[in-house]
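Each remark here refers to the structure printed beneath this line.
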Amino acid sequence: MAGGEGTRLRPLTSNQPKPMLPLGNRPMMEHIVRLLKEHGFEEIVVTVAFLANNIRTYFGDGSDFGVRMVYATEETPLGTAGSVRNAMDELSDERFLVISGDVLTDIDLGSIVRFHEDRGALATIGLKSMENPLEFGIVITREDGHIERFLEKPGWGQVFSDTINTGIYVMEPGIFDAVPAGRSVDWSGEVFPALLESGRPIYGAVCPGYWEDVGTLEAYRSAHEDVLDGKVDLEIEGFRLAEGVVLGEGAEVHPEAELRGPCVVGAYSRVDAGARIRSYTVLGRNVRVGQDAQLERAVVHDNTYLGAGVRLRGCVVGRNSDLRRGARLEEGVTLGDACFVGEHAVVNPGVKVFPFKTVEAGAVVNSSIVWESKGARSLFGRSGITGLANVDVSPELAVKVAMAYGTTLKKGDRVTVSRDTSRAARVLKRAVMVGLNAAGVDVDDLEATTIPATRLQVRAERTRGGITVRLDPDDPQQVSIRFFAADGTDLPEEAQRKVERLFQREELRRAVAGEIGDIGFPPRAIEYYTAGLLKAVDMSAIRAAHPKVVLDYSYGTSSFVMPNVLAKLGADVLAVNPYGSTKRAIGFKPAEHAAQVAELVRTAGATMGGLLDPDGERLTLADDSGHVLTGTEAALAFVSLAAQVGGMVDRSGGARPRIALPVTMTMHAERLAADAGAEVVWTKLSSPALMASSCEDGVVLAADGEGGFIVPAFLPAFDAAAALTHLLGLLAVTGQKLSKVVASLPQAHVVREEVVTPWEMKGTVMRTLVERTTGREQVLVDGVKVLHDDGWALVLPDPEEPVTHVWAEASNEAAARSLAQEYCRRIRSLLR
């Protein structure tokens, strides 16, 4: 299979297909052809698409390699299974093997074939244990190799095994009956799961040997190191001059040059006097290295000129490039083909220079020649794109990220944008608007408003999405850019990855002058939000109760929304910090402000108090006795009150109401829900997962146990104003005080621990934990939740840090702590 574009390897693959990238001075696909020949495969069908003629021209009919080769061309992308079906005419008469032409491997292919024959399988998948399986499809098998389950691109909470799909398959011709014609079809995403469901024999064979996807520029560089270290059985043309030093045919090395292995000097290359070629450097064919040049961990492709005094370190230089005297490329730099770098120019770490570009003499390049420098390991985090304001998240980054997002939309589409009251958010929101307009996307600017009001505007106006810029609630020096889908919920992970790919590749659409987007200012957005919220509550009951409320607006945009809502409900309000301000930027302490609200509740004899976070998403409650509720107490209070009013009204009409809760929530929540005639839907911990569950039929409430509440009848997203309003309604209907409700709640004992876990060990930890707790009931929604007689324990790898989290609940605090520490000990024992 050689039809992939290898987009993550750009600019190296901008003008050549990934299978033709050299490894050890031979195209990756040539190594695969030689491996096939070594294991007795002499008839090869090559599926081609991107720059197919490059592959055809190099390999021809295969006779130069001792095999017969034919080609099957994809006119449109057909997927991994569809592309093989496209070659069915050549494959339908006998058993065949499928392998990617753009991986690095020395796996024993014959062993997979024998395994396949012994099992009588319809299809056998070559499997490999990987330290970090997140970027691959995970395959879960029984002891005999029979496949139980596929997980495509899992999160850490789904890593129940570390065996991944290598893309090497042995198949019987009958497999084609399960592959639809005329459309894009994937093996792991569609064909194999369907065959498993129908009971067909699909097996996985764990393969000894080396396998690397070589899917990124970093992986490409490290693959060369593995080749030179002998970790993979690969033939490198040439003879050994000294320990680890390989010289190709006709290569010339001056006696005063220094070569330190392992390194490779390709055929007909020349290394002049005083040049130093250090470890893990690979020179292609016909490369010229000038006097006193220094190369370390550099990969230099064919026909490249490196002038005197050039410095290369940890970089890749494409074919036919020209680097003049004193030029310097730093760690992680990648030059595409035919680039020119002038004398004494410096290209700083991580920069990508696309093919045929020029760096002028003396220039210092800090970002890619096209638009932007290489991004972080992961652009998106838990709260969108987050970093230090005007440092990590700069106006330049905001413009380019917005352009990447706008590129995923159609020209003329509209996006709603907003911000909080801070100066940092104001300047970055303006940059976001510039980026969207530059990509040909129109903007509806809400200026400063809450996140829920932004989400509702996106839904109501049917814009294609939304972006809001906010200071981080936990660190006023940090800022986050958050993206919303067309339904107002957080942008799905798949869409985030698409934006990130475009951002990293610098493939940003630039509208011509006449198509640049426009900016509008929607009228009465806050009034529309207020009207929608009031329609979703029992206004008459709240007015009759005439509640008295103490509210701290945290200097945030909730102060623009809530006064109008509470006035129409007839509530008396004692407002604290009731205006938008930049004060939060010099330090805002929520715990102190919550205690102040509680004291005011006691003094004023108020019904309740609330601290709304500056973004309007989360709510901290204080009951009428002045007690500040924990997040768990607040969530249980909502469920308990709903039970007392005879259950919750189901939007779908008649079905049993459902409550969405994360798997870390106390088991008492399920019992209270049952008393209300409801059932609990367990979800992943992430906010997008909880929001997605709130959109399901029958879900009437969602809570995360940390002050986040979702009332799906109004908005399937966290909304502090909606939560407060609905709580007032429940208290009004029951006639109870919040303090009595809290006093009646069961006491929950949930504790949390952390274990530092190297990234490469996370898969092993999760797989081993699943295997060692098979005797107990497991809940595999997010991480591994193991049920015990007196509670439960949950183990979940952190998606952003080298840490594994452990939660546990039991009948008392000591027992819960003991259970959590027991699982921490188990994890640490696996790390030794």
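Here, A, B, ... name the chains of the structure tokens in the order displayed, residue numbers run from 1 inside each chain, and ligands are numbered from 1 in the same displayed order.
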Q.
Report as JSON, numbers by chain all protein, DNA and RNA residues lying within 6 Å of Gly145 of chain A, evaluated on only C-alpha atoms, omitting residues in the same chain fewer than 3 positions from it.
A. {"A": [141, 142, 203, 204]}
With N, CA, C and O atoms kept, could you save the residues just selected as an mmCIF file, in the first residue's frame?
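Resulting contents of selection_12.cif:
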```cif
data_model
loop_
_atom_site.group_PDB
_atom_site.id
_atom_site.type_symbol
_atom_site.label_atom_id
_atom_site.label_comp_id
_atom_site.auth_asym_id
_atom_site.auth_seq_id
_atom_site.Cartn_x
_atom_site.Cartn_y
_atom_site.Cartn_z
ATOM 1 N N THR A 141 -6.947 -9.002 22.190
ATOM 2 C CA THR A 141 -7.091 -10.398 21.775
ATOM 3 C C THR A 141 -7.206 -11.321 22.976
ATOM 4 O O THR A 141 -6.845 -10.969 24.093
ATOM 5 N N ARG A 142 -7.702 -12.536 22.701
ATOM 6 C CA ARG A 142 -7.676 -13.597 23.704
ATOM 7 C C ARG A 142 -6.299 -14.261 23.685
ATOM 8 O O ARG A 142 -5.443 -13.933 22.873
ATOM 9 N N TYR A 203 -7.961 -13.122 13.592
ATOM 10 C CA TYR A 203 -6.937 -13.351 14.612
ATOM 11 C C TYR A 203 -5.874 -12.252 14.574
ATOM 12 O O TYR A 203 -5.714 -11.545 13.572
ATOM 13 N N GLY A 204 -5.169 -12.142 15.691
ATOM 14 C CA GLY A 204 -4.039 -11.229 15.786
ATOM 15 C C GLY A 204 -2.794 -11.989 16.202
ATOM 16 O O GLY A 204 -2.816 -12.736 17.175
#
```
Q: Write out as a PyMOL selection string the residues lying within 10 Å of segment 726-729 of chain A, counting only C-alpha atoms and excluding same-chain residues fewer than 5 positions away.
A: chain A and resi 533-534+536-543+545-549+569+571+607-608+634+637-638+641-642+711+720-721+734-735+738
Q) Which residues come within 8 Å of Leu104 of chain A, counting only C-alpha atoms, excluding same-chain residues fewer than 5 positions away, as a list in words? A) Met28, His31, Ile32, Tyr210, Trp211, Glu212, Asp213, Val214 and Ala223 of chain A
Restricted to C-alpha atoms, what would the selected residues look like written as a PDB file, in the first residue's frame?
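Just written: again-v3.pdb:
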```pdb
ATOM      1  CA  MET A  28      11.387   3.044   2.510  1.00  0.00           C
ATOM      2  CA  HIS A  31      13.272  -1.979   2.073  1.00  0.00           C
ATOM      3  CA  ILE A  32       9.732  -3.419   2.152  1.00  0.00           C
ATOM      4  CA  TYR A 210      11.189  -4.072  14.735  1.00  0.00           C
ATOM      5  CA  TRP A 211       8.279  -1.937  13.441  1.00  0.00           C
ATOM      6  CA  GLU A 212       7.985   1.838  13.189  1.00  0.00           C
ATOM      7  CA  ASP A 213       5.312   3.851  11.416  1.00  0.00           C
ATOM      8  CA  VAL A 214       7.730   6.736  10.598  1.00  0.00           C
ATOM      9  CA  ALA A 223      14.318   5.861  12.638  1.00  0.00           C
TER      10      ALA A 223
END
```
Q | Interatomic distance, atom CA of Val750 of chain A to atom CA of Met665 of chain A (Å, one decimal) | A | 8.2 Å
Q. Of the candidates A:Met69, A:Thr664, A:His224, A:Leu715, which shows the shortest atom-to-atom distance to Ala460 of chain A, using only C-alpha atoms?
A.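 The answer is A:Leu715, which sits nearest to Ala460 of chain A.
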Q) Quick one: DSSP strand (DSSP E) residues in segment 376-584 of chain A, as a PyMOL selection string? A) chain A and resi 385-388+414-419+442-448+465-472+475-484+519-520+548-552+572-576
For segment 595-602 of chain A, list every protein, DNA or RNA residue within 8 Å, evaluated using only C-alpha atoms, and leave out those in the same chain fewer than 3 positions away; present the list as a PDB file with N, CA, C and O atoms, in the first residue's frame.
```pdb
ATOM      1  N   VAL A 549     -31.234  36.274  47.488  1.00  0.00           N
ATOM      2  CA  VAL A 549     -30.019  35.609  47.022  1.00  0.00           C
ATOM      3  C   VAL A 549     -28.823  36.552  47.156  1.00  0.00           C
ATOM      4  O   VAL A 549     -28.920  37.750  46.854  1.00  0.00           O
ATOM      5  N   VAL A 550     -27.695  35.995  47.625  1.00  0.00           N
ATOM      6  CA  VAL A 550     -26.418  36.710  47.619  1.00  0.00           C
ATOM      7  C   VAL A 550     -25.580  36.142  46.473  1.00  0.00           C
ATOM      8  O   VAL A 550     -25.361  34.930  46.399  1.00  0.00           O
ATOM      9  N   LEU A 551     -25.125  37.023  45.592  1.00  0.00           N
ATOM     10  CA  LEU A 551     -24.368  36.556  44.434  1.00  0.00           C
ATOM     11  C   LEU A 551     -23.073  37.337  44.286  1.00  0.00           C
ATOM     12  O   LEU A 551     -23.061  38.572  44.366  1.00  0.00           O
ATOM     13  N   ASP A 552     -21.987  36.606  44.069  1.00  0.00           N
ATOM     14  CA  ASP A 552     -20.695  37.204  43.738  1.00  0.00           C
ATOM     15  C   ASP A 552     -20.428  36.927  42.266  1.00  0.00           C
ATOM     16  O   ASP A 552     -20.336  35.765  41.839  1.00  0.00           O
ATOM     17  N   ALA A 591     -11.983  30.700  46.860  1.00  0.00           N
ATOM     18  CA  ALA A 591     -12.343  30.171  48.182  1.00  0.00           C
ATOM     19  C   ALA A 591     -12.658  31.298  49.162  1.00  0.00           C
ATOM     20  O   ALA A 591     -13.620  31.225  49.941  1.00  0.00           O
ATOM     21  N   GLU A 592     -11.860  32.371  49.123  1.00  0.00           N
ATOM     22  CA  GLU A 592     -12.111  33.496  50.009  1.00  0.00           C
ATOM     23  C   GLU A 592     -13.425  34.188  49.667  1.00  0.00           C
ATOM     24  O   GLU A 592     -14.180  34.596  50.553  1.00  0.00           O
ATOM     25  N   GLY A 605     -29.829  36.680  56.174  1.00  0.00           N
ATOM     26  CA  GLY A 605     -30.937  35.724  56.214  1.00  0.00           C
ATOM     27  C   GLY A 605     -31.421  35.346  54.837  1.00  0.00           C
ATOM     28  O   GLY A 605     -32.628  35.191  54.596  1.00  0.00           O
ATOM     29  N   ALA A 606     -30.483  35.178  53.917  1.00  0.00           N
ATOM     30  CA  ALA A 606     -30.825  34.898  52.518  1.00  0.00           C
ATOM     31  C   ALA A 606     -31.227  33.444  52.311  1.00  0.00           C
ATOM     32  O   ALA A 606     -30.905  32.564  53.110  1.00  0.00           O
ATOM     33  N   THR A 607     -31.935  33.210  51.222  1.00  0.00           N
ATOM     34  CA  THR A 607     -32.335  31.851  50.850  1.00  0.00           C
ATOM     35  C   THR A 607     -31.120  31.002  50.513  1.00  0.00           C
ATOM     36  O   THR A 607     -31.033  29.825  50.876  1.00  0.00           O
ATOM     37  N   MET A 608     -30.180  31.596  49.821  1.00  0.00           N
ATOM     38  CA  MET A 608     -28.960  30.900  49.412  1.00  0.00           C
ATOM     39  C   MET A 608     -27.976  31.912  48.858  1.00  0.00           C
ATOM     40  O   MET A 608     -28.319  33.093  48.667  1.00  0.00           O
ATOM     41  N   GLY A 609     -26.758  31.475  48.617  1.00  0.00           N
ATOM     42  CA  GLY A 609     -25.756  32.322  48.002  1.00  0.00           C
ATOM     43  C   GLY A 609     -25.047  31.577  46.896  1.00  0.00           C
ATOM     44  O   GLY A 609     -25.047  30.338  46.851  1.00  0.00           O
ATOM     45  N   GLY A 610     -24.437  32.328  46.018  1.00  0.00           N
ATOM     46  CA  GLY A 610     -23.732  31.695  44.905  1.00  0.00           C
ATOM     47  C   GLY A 610     -22.538  32.514  44.463  1.00  0.00           C
ATOM     48  O   GLY A 610     -22.572  33.745  44.472  1.00  0.00           O
ATOM     49  N   LEU A 611     -21.470  31.806  44.101  1.00  0.00           N
ATOM     50  CA  LEU A 611     -20.286  32.411  43.488  1.00  0.00           C
ATOM     51  C   LEU A 611     -20.234  31.917  42.055  1.00  0.00           C
ATOM     52  O   LEU A 611     -20.036  30.724  41.798  1.00  0.00           O
ATOM     53  N   ALA A 622     -23.713  28.352  48.525  1.00  0.00           N
ATOM     54  CA  ALA A 622     -23.739  28.447  49.984  1.00  0.00           C
ATOM     55  C   ALA A 622     -25.198  28.333  50.409  1.00  0.00           C
ATOM     56  O   ALA A 622     -26.064  29.037  49.866  1.00  0.00           O
ATOM     57  N   ASP A 623     -25.499  27.415  51.352  1.00  0.00           N
ATOM     58  CA  ASP A 623     -26.887  27.262  51.787  1.00  0.00           C
ATOM     59  C   ASP A 623     -27.263  28.349  52.786  1.00  0.00           C
ATOM     60  O   ASP A 623     -26.441  29.192  53.168  1.00  0.00           O
ATOM     61  N   ASP A 624     -28.515  28.326  53.239  1.00  0.00           N
ATOM     62  CA  ASP A 624     -29.025  29.391  54.099  1.00  0.00           C
ATOM     63  C   ASP A 624     -28.383  29.424  55.473  1.00  0.00           C
ATOM     64  O   ASP A 624     -28.495  30.417  56.200  1.00  0.00           O
ATOM     65  N   SER A 625     -27.667  28.365  55.861  1.00  0.00           N
ATOM     66  CA  SER A 625     -26.958  28.367  57.141  1.00  0.00           C
ATOM     67  C   SER A 625     -25.555  28.930  57.020  1.00  0.00           C
ATOM     68  O   SER A 625     -24.839  29.048  58.026  1.00  0.00           O
ATOM     69  N   GLY A 626     -25.142  29.245  55.805  1.00  0.00           N
ATOM     70  CA  GLY A 626     -23.803  29.764  55.587  1.00  0.00           C
ATOM     71  C   GLY A 626     -22.767  28.699  55.292  1.00  0.00           C
ATOM     72  O   GLY A 626     -21.570  28.968  55.293  1.00  0.00           O
ATOM     73  N   HIS A 627     -23.216  27.492  55.022  1.00  0.00           N
ATOM     74  CA  HIS A 627     -22.292  26.405  54.679  1.00  0.00           C
ATOM     75  C   HIS A 627     -21.997  26.435  53.180  1.00  0.00           C
ATOM     76  O   HIS A 627     -22.918  26.457  52.356  1.00  0.00           O
ATOM     77  N   VAL A 628     -20.709  26.427  52.820  1.00  0.00           N
ATOM     78  CA  VAL A 628     -20.311  26.378  51.409  1.00  0.00           C
ATOM     79  C   VAL A 628     -20.316  24.925  50.963  1.00  0.00           C
ATOM     80  O   VAL A 628     -19.589  24.093  51.513  1.00  0.00           O
TER      81      VAL A 628
END
```
Q | Picked from segment 686-807 of chain A by DSSP as alpha helix (DSSP H), as a ChimeraX atom specification | A | /A:687-694,720-734,738-743,762-772
(Q) Ranking A:Asn564, A:Asn86, A:Thr80, A:Ser422 by minimum distance to Phe192 of chain A and counting only C-alpha atoms, which one comes first? (A)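 Once distances to Phe192 of chain A are computed over only C-alpha atoms, the minimum belongs to A:Thr80.
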What's the 8 Å shell around Val756 of chain A, counting only C-alpha atoms, without same-chain residues fewer than 4 positions away, as a PDB file with all heavy atoms, in the first residue's frame?
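File written: out_3.pdb
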```pdb
ATOM      1  N   PRO A 802       2.683  13.242  32.571  1.00  0.00           N
ATOM      2  CA  PRO A 802       3.140  11.871  32.852  1.00  0.00           C
ATOM      3  C   PRO A 802       2.688  11.410  34.242  1.00  0.00           C
ATOM      4  O   PRO A 802       3.489  11.168  35.141  1.00  0.00           O
ATOM      5  CB  PRO A 802       4.672  12.011  32.760  1.00  0.00           C
ATOM      6  CG  PRO A 802       4.941  13.420  33.152  1.00  0.00           C
ATOM      7  CD  PRO A 802       3.774  14.234  32.634  1.00  0.00           C
ATOM      8  N   VAL A 803       1.389  11.304  34.393  1.00  0.00           N
ATOM      9  CA  VAL A 803       0.773  11.010  35.691  1.00  0.00           C
ATOM     10  C   VAL A 803      -0.393  10.056  35.471  1.00  0.00           C
ATOM     11  O   VAL A 803      -1.076  10.105  34.440  1.00  0.00           O
ATOM     12  CB  VAL A 803       0.269  12.316  36.356  1.00  0.00           C
ATOM     13  CG1 VAL A 803      -0.666  12.018  37.524  1.00  0.00           C
ATOM     14  CG2 VAL A 803       1.427  13.163  36.825  1.00  0.00           C
ATOM     15  N   THR A 804      -0.615   9.166  36.439  1.00  0.00           N
ATOM     16  CA  THR A 804      -1.815   8.337  36.473  1.00  0.00           C
ATOM     17  C   THR A 804      -2.618   8.728  37.703  1.00  0.00           C
ATOM     18  O   THR A 804      -2.087   8.794  38.814  1.00  0.00           O
ATOM     19  CB  THR A 804      -1.464   6.842  36.531  1.00  0.00           C
ATOM     20  OG1 THR A 804      -0.736   6.491  35.355  1.00  0.00           O
ATOM     21  CG2 THR A 804      -2.731   5.993  36.590  1.00  0.00           C
TER      22      THR A 804
END
```
Q: Name all residues at most 10 Å from Ser100 of chain A (count only C-alpha atoms; drop same-chain ones fewer than 2 positions away) and give them as JSON, numbers by chain.
A: {"A": [1, 2, 3, 4, 19, 28, 29, 32, 46, 47, 80, 98, 102, 103, 104, 166, 167, 168, 169, 213]}
Would you put the residues from that selection into a file with C-alpha atoms, as a PDB file, in the first residue's frame?
```pdb
ATOM      1  CA  MET A   1       0.000   0.000   0.000  1.00  0.00           C
ATOM      2  CA  ALA A   2       1.784   3.116  -1.252  1.00  0.00           C
ATOM      3  CA  GLY A   3      -0.947   5.672  -1.836  1.00  0.00           C
ATOM      4  CA  GLY A   4      -0.509   7.847   1.262  1.00  0.00           C
ATOM      5  CA  PRO A  19       7.186   5.536   0.437  1.00  0.00           C
ATOM      6  CA  MET A  28      11.387   3.044   2.510  1.00  0.00           C
ATOM      7  CA  MET A  29       9.380   1.050   0.009  1.00  0.00           C
ATOM      8  CA  ILE A  32       9.732  -3.419   2.152  1.00  0.00           C
ATOM      9  CA  VAL A  46       1.233  -1.755  -5.401  1.00  0.00           C
ATOM     10  CA  THR A  47      -1.711   0.547  -4.659  1.00  0.00           C
ATOM     11  CA  THR A  80      -7.279   1.060   3.543  1.00  0.00           C
ATOM     12  CA  VAL A  98      -1.096  -6.679   2.866  1.00  0.00           C
ATOM     13  CA  ASP A 102       6.028   3.401   4.034  1.00  0.00           C
ATOM     14  CA  VAL A 103       6.988   1.740   7.332  1.00  0.00           C
ATOM     15  CA  LEU A 104      10.321   0.549   8.689  1.00  0.00           C
ATOM     16  CA  THR A 166       0.812  -2.771  12.328  1.00  0.00           C
ATOM     17  CA  GLY A 167      -1.183  -2.693   9.100  1.00  0.00           C
ATOM     18  CA  ILE A 168       0.283  -6.094   8.119  1.00  0.00           C
ATOM     19  CA  TYR A 169      -2.493  -8.537   7.218  1.00  0.00           C
ATOM     20  CA  ASP A 213       5.312   3.851  11.416  1.00  0.00           C
TER      21      ASP A 213
END
```
